[in-house]
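File shown here: coords-v5.pdb, holding PDB, C-alpha atoms.
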ATOM      1  CA  MET A  22     107.290 113.900  92.356  1.00  0.00           C
ATOM      2  CA  GLU A  23     103.943 112.553  91.078  1.00  0.00           C
ATOM      3  CA  ILE A  24     102.272 112.987  94.494  1.00  0.00           C
ATOM      4  CA  SER A  25     100.908 116.143  96.028  1.00  0.00           C
ATOM      5  CA  GLU A  26     102.851 118.170  98.555  1.00  0.00           C
ATOM      6  CA  GLY A  27     100.004 117.722 101.055  1.00  0.00           C
ATOM      7  CA  THR A  28     100.168 113.946 100.732  1.00  0.00           C
ATOM      8  CA  TYR A  29     103.941 113.986 101.151  1.00  0.00           C
ATOM      9  CA  ARG A  30     103.693 116.165 104.265  1.00  0.00           C
ATOM     10  CA  SER A  31     101.019 113.884 105.757  1.00  0.00           C
ATOM     11  CA  ILE A  32     103.289 110.884 105.227  1.00  0.00           C
ATOM     12  CA  GLU A  33     106.294 112.753 106.598  1.00  0.00           C
ATOM     13  CA  ASN A  34     104.338 113.720 109.751  1.00  0.00           C
ATOM     14  CA  ASN A  35     103.031 110.149 110.245  1.00  0.00           C
ATOM     15  CA  GLN A  36      99.451 111.305 109.649  1.00  0.00           C
ATOM     16  CA  LYS A  37      99.076 109.030 106.642  1.00  0.00           C
ATOM     17  CA  THR A  38     100.564 105.656 105.677  1.00  0.00           C
ATOM     18  CA  PRO A  39     101.674 105.462 102.043  1.00  0.00           C
ATOM     19  CA  ASP A  40     100.796 102.534  99.838  1.00  0.00           C
ATOM     20  CA  ILE A  41     103.483 100.618  97.961  1.00  0.00           C
ATOM     21  CA  PHE A  42     103.005 102.664  94.780  1.00  0.00           C
ATOM     22  CA  THR A  43     103.502 105.935  96.650  1.00  0.00           C
ATOM     23  CA  VAL A  44     106.653 104.609  98.348  1.00  0.00           C
ATOM     24  CA  GLU A  45     107.959 103.646  94.899  1.00  0.00           C
ATOM     25  CA  LYS A  46     107.281 107.188  93.551  1.00  0.00           C
ATOM     26  CA  ILE A  47     109.061 108.777  96.510  1.00  0.00           C
ATOM     27  CA  ALA A  48     112.025 106.404  96.149  1.00  0.00           C
ATOM     28  CA  LYS A  49     112.276 107.168  92.446  1.00  0.00           C
ATOM     29  CA  PHE A  50     112.174 110.923  93.132  1.00  0.00           C
ATOM     30  CA  LEU A  51     114.924 110.608  95.760  1.00  0.00           C
ATOM     31  CA  GLY A  52     117.043 108.388  93.497  1.00  0.00           C
ATOM     32  CA  LYS A  53     116.794 105.510  95.944  1.00  0.00           C
ATOM     33  CA  SER A  54     115.603 101.938  95.870  1.00  0.00           C
ATOM     34  CA  PHE A  55     112.131 101.102  97.095  1.00  0.00           C
ATOM     35  CA  LEU A  56     113.727  98.909  99.780  1.00  0.00           C
ATOM     36  CA  ASP A  57     115.935 101.775 101.006  1.00  0.00           C
ATOM     37  CA  LEU A  58     112.811 103.524 102.304  1.00  0.00           C
ATOM     38  CA  LEU A  59     111.461 100.558 104.240  1.00  0.00           C
ATOM     39  CA  PRO A  60     112.463  99.975 107.869  1.00  0.00           C
ATOM     40  CA  ASP A  61     114.629  96.891 108.362  1.00  0.00           C
ATOM     41  CA  GLU A  62     111.991  95.150 110.468  1.00  0.00           C
ATOM     42  CA  TYR A  63     109.711  94.946 107.409  1.00  0.00           C
ATOM     43  CA  ILE A  64     112.213  92.998 105.330  1.00  0.00           C
ATOM     44  CA  ASN A  65     113.465  89.447 105.927  1.00  0.00           C
ATOM     45  CA  PHE A  66     116.187  87.844 103.871  1.00  0.00           C
ATOM     46  CA  TYR A  67     116.533  84.091 103.965  1.00  0.00           C
ATOM     47  CA  ASN A  68     118.380  81.339 102.153  1.00  0.00           C
ATOM     48  CA  ASN A  69     116.764  78.023 101.304  1.00  0.00           C
ATOM     49  CA  GLU A  70     119.288  75.255 100.846  1.00  0.00           C
ATOM     50  CA  ILE A  71     117.690  73.818  97.713  1.00  0.00           C
ATOM     51  CA  LYS A  72     120.338  72.761  95.130  1.00  0.00           C
ATOM     52  CA  GLY A  73     122.822  75.546  95.744  1.00  0.00           C
ATOM     53  CA  GLY A  74     120.548  77.867  97.666  1.00  0.00           C
ATOM     54  CA  ASN A  75     117.798  80.231  96.706  1.00  0.00           C
ATOM     55  CA  ASN A  76     117.980  83.771  98.012  1.00  0.00           C
ATOM     56  CA  ALA A  77     114.689  85.555  98.412  1.00  0.00           C
ATOM     57  CA  MET A  78     113.237  88.599 100.063  1.00  0.00           C
ATOM     58  CA  LEU A  79     109.959  88.869 101.890  1.00  0.00           C
ATOM     59  CA  ILE A  80     108.218  91.982 103.125  1.00  0.00           C
ATOM     60  CA  ASN A  81     106.136  90.363 105.799  1.00  0.00           C
ATOM     61  CA  GLN A  82     105.305  92.478 108.802  1.00  0.00           C
ATOM     62  CA  THR A  83     102.321  94.616 107.931  1.00  0.00           C
ATOM     63  CA  PRO A  84     101.851  97.390 110.490  1.00  0.00           C
ATOM     64  CA  ASP A  85      98.744  97.101 112.646  1.00  0.00           C
ATOM     65  CA  LYS A  86      97.701 100.604 111.595  1.00  0.00           C
ATOM     66  CA  LEU A  87      97.649  99.574 107.932  1.00  0.00           C
ATOM     67  CA  ILE A  88      95.640  96.444 108.730  1.00  0.00           C
ATOM     68  CA  GLU A  89      93.131  98.565 110.667  1.00  0.00           C
ATOM     69  CA  GLN A  90      92.841 100.952 107.710  1.00  0.00           C
ATOM     70  CA  TYR A  91      92.170  98.071 105.315  1.00  0.00           C
ATOM     71  CA  GLU A  92      89.613  96.525 107.678  1.00  0.00           C
ATOM     72  CA  GLU A  93      87.821  99.876 108.011  1.00  0.00           C
ATOM     73  CA  ARG A  94      87.824 100.332 104.227  1.00  0.00           C
ATOM     74  CA  ILE A  95      86.426  96.814 103.746  1.00  0.00           C
ATOM     75  CA  LYS A  96      83.667  97.593 106.256  1.00  0.00           C
ATOM     76  CA  GLU A  97      82.829 100.834 104.410  1.00  0.00           C
ATOM     77  CA  LEU A  98      82.724  99.033 101.063  1.00  0.00           C
ATOM     78  CA  LYS A  99      80.449  96.302 102.439  1.00  0.00           C
ATOM     79  CA  GLU A 100      78.083  98.977 103.791  1.00  0.00           C
ATOM     80  CA  ASN A 101      78.149 100.706 100.416  1.00  0.00           C
ATOM     81  CA  ILE A 102      77.307  97.436  98.660  1.00  0.00           C
ATOM     82  CA  ASN A 103      74.352  96.876 100.996  1.00  0.00           C
ATOM     83  CA  ASP A 104      73.124 100.434 100.362  1.00  0.00           C
ATOM     84  CA  GLN A 105      73.404  99.893  96.604  1.00  0.00           C
ATOM     85  CA  LYS A 106      71.513  96.593  96.863  1.00  0.00           C
ATOM     86  CA  GLU A 107      68.663  98.380  98.676  1.00  0.00           C
ATOM     87  CA  ILE A 108      68.542 101.063  95.967  1.00  0.00           C
ATOM     88  CA  VAL A 109      68.441  98.426  93.225  1.00  0.00           C
ATOM     89  CA  LEU A 110      65.676  96.543  95.047  1.00  0.00           C
ATOM     90  CA  GLU A 111      63.612  99.732  95.425  1.00  0.00           C
ATOM     91  CA  LYS A 112      64.074 100.568  91.740  1.00  0.00           C
ATOM     92  CA  ASN A 113      63.101  97.034  90.721  1.00  0.00           C
ATOM     93  CA  LEU A 114      59.932  97.295  92.799  1.00  0.00           C
ATOM     94  CA  THR A 115      59.136 100.634  91.163  1.00  0.00           C
ATOM     95  CA  ILE A 116      59.706  99.155  87.704  1.00  0.00           C
ATOM     96  CA  MET A 117      57.459  96.205  88.517  1.00  0.00           C
ATOM     97  CA  ALA A 118      54.705  98.555  89.716  1.00  0.00           C
ATOM     98  CA  LEU A 119      55.027 100.647  86.560  1.00  0.00           C
ATOM     99  CA  ASN A 120      54.919  97.531  84.372  1.00  0.00           C
ATOM    100  CA  ASN A 121      51.725  96.432  86.121  1.00  0.00           C
ATOM    101  CA  LYS A 122      50.201  99.878  85.564  1.00  0.00           C
ATOM    102  CA  VAL A 123      51.190  99.819  81.880  1.00  0.00           C
ATOM    103  CA  GLU A 124      49.590  96.376  81.492  1.00  0.00           C
ATOM    104  CA  GLU A 125      46.379  97.654  83.110  1.00  0.00           C
ATOM    105  CA  LEU A 126      46.292 100.673  80.811  1.00  0.00           C
ATOM    106  CA  LEU A 127      46.942  98.493  77.753  1.00  0.00           C
ATOM    107  CA  ASP A 128      44.093  96.180  78.759  1.00  0.00           C
ATOM    108  CA  LYS A 129      41.759  99.183  79.109  1.00  0.00           C
ATOM    109  CA  LEU A 130      42.897 100.548  75.782  1.00  0.00           C
ATOM    110  CA  ILE A 131      42.257  97.204  74.077  1.00  0.00           C
ATOM    111  CA  LEU A 132      38.743  97.155  75.579  1.00  0.00           C
ATOM    112  CA  LEU A 133      38.075 100.688  74.352  1.00  0.00           C
ATOM    113  CA  LEU A 134      39.250  99.858  70.826  1.00  0.00           C
ATOM    114  CA  LYS A 135      36.923  96.857  70.501  1.00  0.00           C
TER     115      LYS A 135
END
Written form, structure tokens:
Amino acid sequence: MEISEGTYRSIENNQKTPDIFTVEKIAKFLGKSFLDLLPDEYINFYNNEIKGGNNAMLINQTPDKLIEQYEERIKELKENINDQKEIVLEKNLTIMALNNKVEELLDKLILLLK
């Protein structure tokens, strides 16, 4: 099915919310349309009366749980970025200190060679 049995069971038991790509894989495996697996409340059909009408579909009601998961992931990523910035800053300071030491040693070497 292109997803693990554990992942499928977690989704089936409402322990995990699948992303759109996973829903598509499950639909394909079951021989169904992607839309067949979505609850009706997540899909709105409407008709705009613009020169003969324009039918469109909109998946528009993102579950609160999914929003919370995305917000938590964004928070984690921001924390990770800040941690990485600190590491880069520390390494830059170390490099600067080493460069200064190398310059001092080169100056001493030049004096010794004169």
Coordinates-based distance that separates CA of Leu87 (chain A) from CA of Asp40 (chain A) (Å, one decimal):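 So the two atoms, CA of Asp40 (chain A) and CA of Leu87 (chain A), lie 9.2 Å apart.
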Pairwise distance for CA of Asn35 (chain A) and CA of Lys86 (chain A), rounded to one decimal in Å: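 Distance between the two atoms: 11.0 Å.
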Pairwise distance for CA of Asn101 (chain A) and CA of Pro39 (chain A), rounded to one decimal in Å: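 So the answer is 24.1 Å.
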Local residues around (100.7, 112.2, 98.6), at most 10 Å away, using only C-alpha atoms, as a PyMOL selection string: chain A and resi 22-33+37-40+43-44+46-47
